[in-house]
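Taking it in order: structure first as structure tokens, then the write-up.
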Amino acid sequence: MAVLEILEFPDSRLRTEAEPITEVTQATRTLIDDMLETMYAAPGIGLAATQVNVHQRLLVMDVSDDKSEPMVFINPQITVLDPELGEYDEGCLSVPGFYETVSRPQKVEVSALDRNGESFTCQLQGLAAICLQHEVDHLNGKLFVDYLSTLKRQRIRKKLEKDQRQRA
């Protein structure tokens with residue numbers, strides 16, 4: 001397994017819409033393992049393939065307290081079960097150091113494939129539902145900063161660009 005490089009906002013590759021996975025192969029399972037290792041090392045609770053510059057509809061999550069419940073979603077399709085929005089302070093491994101309040105549905109159903117290519121459907125609520133929606137946004141080329149005001153988004157962009165120049 002390997003820790004992969006996570007793209008950071010405003011990298012334009014984060015705006016690429018991911019393509020569906022047509023076949024779950026050993027290469028797919030290796031990518032899943034690498035993404036889980038990357039997510040845990042970061043540390044984070046979710047990671048979309050887009051964030052590691054792989055533009056396939058794949059994401060991993062683990063919202064458990066002890067990081068013992070990894071979840072894999074290939075080609076996820078979300079259905080909102082309760083339109084009532086909840087506000088959560090979201091952060092993102094691609095927008096390091098920033099947390100902002102975002103409103104999202106609190107209860108969803110997702111249909112996807114697992115790491116073996118088997119289809120499943122489950123209901124998620126609370127943090128798991130929020131995390132799933134956040135990661136699916138990545139697969140669609142969207143970031144949580146897109147939910148913020150233009151002023152906040154520009155402030156975050158300038159700070160991250162400055163940090164990236166200093167590291168270079």
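Going through the structure tokens in order, the chains are called A, B, and so on, while each chain numbers its residues from 1 and the ligands are numbered from 1 in the order shown.
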Residues within 12 Å of segment 126-131 of chain A, only C-alpha atoms, excluding chain neighbours under 4 positions, as a PyMOL selection string: chain A and resi 44-48+59-65+69-71+78-82+84-92+101-110+122+135-138+144
Write out as a ChimeraX atom specification the set of residues from chain A that DSSP, computed on the backbone, places in helix (DSSP H, G or I). /A:12-15,26-41,49-52,127-139,144-147,150-167
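Nearest-residue note for Asp11 of chain A: choosing from A:Leu139, A:Leu58, A:Val72, A:Val52, the minimum distance belongs to A:Val52, counting only C-alpha atoms.
For the residues A:Arg15, A:His134, A:Lys67, A:Lys159, ranking by smallest atom-to-atom distance to Glu37 of chain A using only C-alpha atoms places A:Lys67 first.
The interatomic distance for the pair atom CA of Arg29 of chain A and atom CA of Met1 of chain A works out to 10.6 Å.
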When DSSP is applied to the backbone of this structure, which of segment 9-166 of chain A are assigned strand (DSSP E)? Write them out as a PyMOL selection string. chain A and resi 46-48+58-61+71-92+95-113+119-125
So that I can check the surroundings of Lys152 of chain A, please list as a short mmCIF file (atom, residue, chain, number, x, y, z; two decimals) with C-alpha atoms, in the first residue's frame every protein, DNA and RNA residue that reaches within 10 Å of it, counting only C-alpha atoms and ignoring chain neighbours fewer than 6 positions away.
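File written: result33.cif
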data_model
loop_
_atom_site.label_atom_id
_atom_site.label_comp_id
_atom_site.auth_asym_id
_atom_site.auth_seq_id
_atom_site.Cartn_x
_atom_site.Cartn_y
_atom_site.Cartn_z
CA GLU A 100 -16.75 26.27 7.19
CA VAL A 145 -15.83 25.99 -0.82
CA ASP A 146 -18.32 26.27 -3.71
#
Which neighbours of Ala18 of chain A fall inside 9 Å, counting only C-alpha atoms, when residues of the same chain fewer than 3 positions from it are skipped, and could you give them as number ranges by chain? A: 49-50, 54-58, 138-141
Given only C-alpha atoms as the basis, pick out the residue of A:Val95, A:Val3, A:Arg13, A:Pro76 nearest to Arg155 of chain A. A:Val95
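The closest residue to Gln133 of chain A, picked from A:Thr38, A:Gln26, A:Gln77, A:Gln51 and counting only C-alpha atoms, is A:Gln77.
For the atom pair formed by atom CA of Glu118 of chain A and atom CA of Leu31 of chain A, the distance is 16.9 Å, given to one decimal.
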